[in-house]
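Chemist: I'd like to ask you about the structure that follows.
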Protein chains: 2
Amino acid sequence: MPSCVWLLALSVAALTGNIVGAVVYEQTERNCSAFPPYLPSTAVNTTLQLQELRAQMLPMNIFAYIIPGTDAHLSEYIAPRDARMAFMTGFTGSAGTAVVTQTKAALWTDSRYWVQAERQLDCNWELEKDGSISSVAGWLISEVPQGGKIGFDPFLFSLKTQEDYSINFESSNRSLKSIPVNLVDQVWKDRPQLPPDSLTRLPDRVIQRSWQMKVEHIRSLMRDNPYEPTALLLSALDETAWLFNLRGNDIPYNPFFYSYTLLTMNEIWLFVHTDRVTEDLRVYLNTSCNGALCVQLKSYDSVLEHLKLYVAKPRVKVWIGIEYTNYALFEIITPQDKLMTSSYSPVLTTKAAKDETEQRILRDAHVRDAVAVIQLLMWLEKVVPEGKETELSAAEYVNQCRNKQKDSRGPSFETISASGPNAALAHYSPTEETNRRLTVDEMYLVDSGGQYLDGTTDITRTVHWGTPTEMQKEAFTRVLMGNIEISRTIFPSGTRGVNMEMLGRRALWEVGLNYGHGTGHGVGNYFGVHEWPVGFQSNNIPFREGMFTSIEPGYYKENDFGIRIEDVVVTVPANTKYGHNYLTFDTVSLVPYDRKLIDTSLLSSEQLQWLNKYYDTIQRLVGPELDKQGLQEEKDWMLKNTQPFPESESSASVSSSSLTLIMLAIALLHNII
Amino acid sequence: MPSCVWLLALSVAALTGNIVGAVVYEQTERNCSAFPPYLPSTAVNTTLQLQELRAQMLPMNIFAYIIPGTDAHLSEYIAPRDARMAFMTGFTGSAGTAVVTQTKAALWTDSRYWVQAERQLDCNWELEKDGSISSVAGWLISEVPQGGKIGFDPFLFSLKTQEDYSINFESSNRSLKSIPVNLVDQVWKDRPQLPPDSLTRLPDRVIQRSWQMKVEHIRSLMRDNPYEPTALLLSALDETAWLFNLRGNDIPYNPFFYSYTLLTMNEIWLFVHTDRVTEDLRVYLNTSCNGALCVQLKSYDSVLEHLKLYVAKPRVKVWIGIEYTNYALFEIITPQDKLMTSSYSPVLTTKAAKDETEQRILRDAHVRDAVAVIQLLMWLEKVVPEGKETELSAAEYVNQCRNKQKDSRGPSFETISASGPNAALAHYSPTEETNRRLTVDEMYLVDSGGQYLDGTTDITRTVHWGTPTEMQKEAFTRVLMGNIEISRTIFPSGTRGVNMEMLGRRALWEVGLNYGHGTGHGVGNYFGVHEWPVGFQSNNIPFREGMFTSIEPGYYKENDFGIRIEDVVVTVPANTKYGHNYLTFDTVSLVPYDRKLIDTSLLSSEQLQWLNKYYDTIQRLVGPELDKQGLQEEKDWMLKNTQPFPESESSASVSSSSLTLIMLAIALLHNII
């Protein structure tokens, strides 16, 4: 699925036509300038919680309170109990920041969510459309008097967020005030409980390195570091999960559990909700001993207290990755010579390149995942003309297909199943209100993924069951060209994705088209579907061998259609004529593209060759799996859709076939003369 | 010329063979581990100045003193009187940092200069090969005791340099100490004087906007800025020169003069050596009046004092660009709410996009410049086989050719004239010791440029007068493919160069080749040859219409040959099928490439078409200029070297010509049957 980046230009008109079951004449968005203000039934009355929050703010001596949409681990996806922004505002989108003063309340979110916000907010809230920190800060400077303080929960700010606000306030005579108790939690009476689920350990068959091996490796990185850290603090949820080969169930679609780890050369402190650690796990973690490879279980809520005690010791230095450490932890590591920072912890940079087992099983997961997606596409091809299927029923179908696959652990995110104009919203997921019927007259985009015990998948295909327009074919082909150009490029190990991602856009740029989201994100072994810091964003780390990332260019025509083609690839060594240490990408998503939408005359001969080789790989890898699962009809469908394209069809290389023709003509001439 | 970036992998063996006039058996590099140490005649005895500097350091209570290679304006090229690093170390390379303690002395410079450093340093100096600030800081941490202070001249540190050192020292218990008097100057008895030259104003024919118009425009940007700055401080030398349409002569090859400007809404303070401002210029600058468009001349050395007075006023806020403001100025702008920062001043970002007149005259300068380079290439082709010419004589010849062109103001940098292995050093300039004879057996690279009243030029061509190897042809062609791929790409206005520069490397990467320098830098109207912040580096600003930049991929084979192809291009609007606000590059350097080195079978049909179109442009623009200058032989040479390539020669598109052949064959068949 596409990662969160501002869409370049996207306003959203009310979607019309073809919607299943929506009341046709209800106005779906609020109108606060009407008298009396108009609120749709989807809007949430927030008067009470605002009143209560403002009462909490008064004794704190703050003029405003910032409510971010993240959790204490700076997670991209959060648990219901961390959805404080949604509780306060009514808005349930996955990205945003809310700010409350004694007289005003404002929500910032990006263009993906403007329509949704207008449907869910009541008239207590202003909607602000530039979600940058400088925009929030600018609003605060205009609302907060000189000398005024702006409160925030330090657990919900990264060090970088805190710095960005500070820089923006620098010359304004307003300042931030860290408030250790979350004020929203004080007024949130029905705040969801933690799920009671126990943590689970990964089975040995999906592991190459035991947690003890990982701990020893990370310790060696600490030992080799010239700044001589004595401890490493892990805050991101996938850091602790990776280190101990454990998974949990605290966040929908993400197999994580609330946790921190403090790792020193001779101790391991694991901060979790200890009642969720079973006796078996305690044995697995060696919790009853007292050595360098014995885990000391500590209560999740005691992390600040224990970190303070550790920092108070002489000659200690704590290593943190600043992108995923919250400000509450950062601010107690003083004086400065007790702190050592890098952008990402050594756990995240180690985890970024997969070991042999991880690579093998992640490829395997994609073979089974391809079976599920092929089942969906084949089924839709058959049933859509009957007119009964919708975005929601298609999403449901692909979930079922994945569930039948070995080691399935559910979807890796909410399926984006989008027909016609709905697909022009890059991050759309269908609801009862927006659900469209699938027809042969509209393009259809499905972006979905699965969690498997051995890997996380994420794939997008765009199809048309009728007759696409020339423009649709051209746009689809150029998106595909972008996907192929990145996939087939050869580059020195250590090249950054951000310096190559324009290859995904170039064929679109040539005709003045573009897309407004990122070009790809890391994926891993049964982790979050966006596994940073791998990918094509500017803050992603350089590529080295064994990294998995999605490649997902797209094109979105407002109120009309949306195209995205997404595959997961892995960096593999490339053999070059003169050089060493070059890499290229190997595609591990294995589902054919809609042939009807490919205008092969636009492809270069290199692109066409790449495509045929890819289709050959699908046949070679997915064919046996379909056989094994006894899916003959699916196999026939796959074989039909992966037939090689004649290479003479490409734009540039009339060469081989035309040369043959010339030979033929000359031969004929020769005979006759 | 290539901008300063670390060469990826380059060690330099002693160059052998073919060197003109060098004593063959003299060991050219120092050997400090020999007993007694061996020093070549080029090494400089620095014992005395080190002794004297150390004496200066003692009362300052510092354990080390940092000597950067820049000046108070953070200039890339400096005047002789600012060559403090060279005075202290003997090393005259253009990039480096020296550090002196009471017992040790060390120089950091990049791979371009390691050989030169080993020739010029005596054994008082360690040579350190990783020139990053973290490497210098690491060395300092190991040499300076806990709690020790490290002195520096705040005029020679940018804010960013100071911050980088501070971050590196953060947890080490060492710290920087700003020392306002430069300690090197205290011991530099023969420090060169300022040149007495007066400043000069540009003639009206090369100007669209008078200085008053520019001042009003910059004031409007200040007025529109939401942070409400009351003053703008200009520190980079090209900022003041641009604002007042003035030029000077303080730095070799760079038409700059020492200056600062403090601009408020109703005052203009110009800090210069006022004795160099003639009566005419005083009239031009309105120095005798007292309004918003009257310039108040202040002594160059009084900038700190006047800035202090200004900052002491109530309700003022000074805007600075942090990349080019030195730490001495920055540190007196307190408290923080009197400071406003951006990466670059609004003068630099405005200047980056040229106005219509600037674009027109900069293109014109490149037409005349092409005449000079064509003269050089034609002459070399004739005389090299006679065996009398050298790198130095070729450099001299091209300087003479440029001098004859209208409005010439000398070379824009020291010509890189490099044959065979010398060209493998990307920034080599010939000296008497290294000078090679030019022969038909070696490739030759010439990177040169001119200053003209209307523009600055910079162009590189690589040629072979004999028979190139297959590898040389392939590498040259792939470098050319890189140049073409960037030049012809279409991209949205606002795209950053750093996100496209891999197009310059991609054809090389495909076969495992690469180059270790940047891909291009801005150029302007009679300014420094590297005109930042335009270009392809990571800290360059996004491209918009009217920006000039070089494109200069290369390939360097150690001890063998070097290839670089450099052209200056300007961003122009691109017409696209569907979009608006797209740009592409138009090449304004107008000299053909060596045909002998182009393997057209490697080019795509698009690349070949681009090349033929470019050659047509050369004929169309340079032809009339050659006629005008009565240079018939040069015109014939140019026409011969810009003949179109048959389009059937490209790799991918046998298409058009082969289709013709097919038609022909079919037609023939038809007749016969």
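Within each chain, counting starts at residue 1; across the structure tokens, chains are named A, B, ... in the order shown, with ligands numbered 1 upward in that order.
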Tell me, as a PyMOL selection string, which residues lie within 9 Å of segment 86-99 of chain A, counting only C-alpha atoms; anything in the same chain fewer than 3 positions away does not count.
Modeler: chain A and resi 4+43-46+49-50+53+64-70+76-78+83+104-110+112-113+116-122+124-125+131+136+140+184+188+191
Chemist: Contacts of Asn290 of chain B at 12 Å or less, counting only C-alpha atoms, minus same-chain residues fewer than 3 places along, as a list in words?
Modeler: Asn266, Glu267, Ile268, Trp269, Leu285, Asn286, Thr287, Leu293, Cys294, Val295, Gln296 and Leu297 of chain B
Chemist: Any idea what's packed within 8 Å of segment 480-483 of chain A, counting only C-alpha atoms, ignoring anything in its chain fewer than 4 positions away? Could you give it as a ChimeraX atom specification?
Modeler: /A:476,487,503-508,551-553,565-566,603,607
Chemist: Write out as JSON, numbers by chain the residues lying within 8 Å of Asp560 of chain A, counting only C-alpha atoms and excluding same-chain residues fewer than 2 positions away.
Modeler: {"A": [420, 421, 422, 424, 557, 558, 562]}
Chemist: Limited to N, CA, C and O atoms, could you put the picked residues into a file as an mmCIF file, in the first residue's frame?
Modeler:
```cif
data_model
loop_
_atom_site.group_PDB
_atom_site.id
_atom_site.type_symbol
_atom_site.label_atom_id
_atom_site.label_comp_id
_atom_site.auth_asym_id
_atom_site.auth_seq_id
_atom_site.Cartn_x
_atom_site.Cartn_y
_atom_site.Cartn_z
ATOM 1 N N GLY A 420 -13.555 2.632 -10.162
ATOM 2 C CA GLY A 420 -13.802 3.927 -10.790
ATOM 3 C C GLY A 420 -13.238 5.069 -9.994
ATOM 4 O O GLY A 420 -12.082 5.039 -9.568
ATOM 5 N N PRO A 421 -14.061 6.104 -9.739
ATOM 6 C CA PRO A 421 -13.555 7.307 -9.067
ATOM 7 C C PRO A 421 -13.030 7.050 -7.666
ATOM 8 O O PRO A 421 -12.157 7.770 -7.202
ATOM 9 N N ASN A 422 -13.542 6.007 -6.993
ATOM 10 C CA ASN A 422 -13.032 5.725 -5.640
ATOM 11 C C ASN A 422 -11.529 5.419 -5.676
ATOM 12 O O ASN A 422 -10.809 5.706 -4.726
ATOM 13 N N ALA A 424 -9.379 6.794 -7.392
ATOM 14 C CA ALA A 424 -8.571 8.012 -7.524
ATOM 15 C C ALA A 424 -8.115 8.531 -6.166
ATOM 16 O O ALA A 424 -7.241 9.384 -6.085
ATOM 17 N N LYS A 557 -6.701 9.829 -11.680
ATOM 18 C CA LYS A 557 -7.445 10.857 -12.386
ATOM 19 C C LYS A 557 -8.689 11.137 -11.565
ATOM 20 O O LYS A 557 -9.590 10.305 -11.450
ATOM 21 N N GLU A 558 -8.721 12.360 -11.028
ATOM 22 C CA GLU A 558 -9.756 12.752 -10.082
ATOM 23 C C GLU A 558 -11.156 12.487 -10.630
ATOM 24 O O GLU A 558 -11.463 12.783 -11.783
ATOM 25 N N GLY A 562 -8.306 5.292 -10.895
ATOM 26 C CA GLY A 562 -6.994 5.273 -10.256
ATOM 27 C C GLY A 562 -6.241 4.032 -10.675
ATOM 28 O O GLY A 562 -6.839 2.970 -10.867
#
```
Chemist: Tell me which of B:Pro644, B:Gly524, B:Gly138, B:Pro592 sits closest to chain A, counting only C-alpha atoms.
Modeler: B:Gly138
Chemist: So what do you get for atom CA of Gly449 of chain A versus atom CA of Ser393 of chain A, distance-wise?
Modeler: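 That distance, rounded to one decimal, is 16.1 Å.
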Chemist: Considering only C-alpha atoms, can you say which of A:Thr200, A:Gln102, A:Thr457, A:Asn31 comes closest to Val277 of chain A?
Modeler: A:Thr200
Chemist: Using Å and a single decimal, report how far atom CA of Glu128 of chain B sits from atom CA of Leu221 of chain A.
Modeler: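 The value is 25.0 Å.
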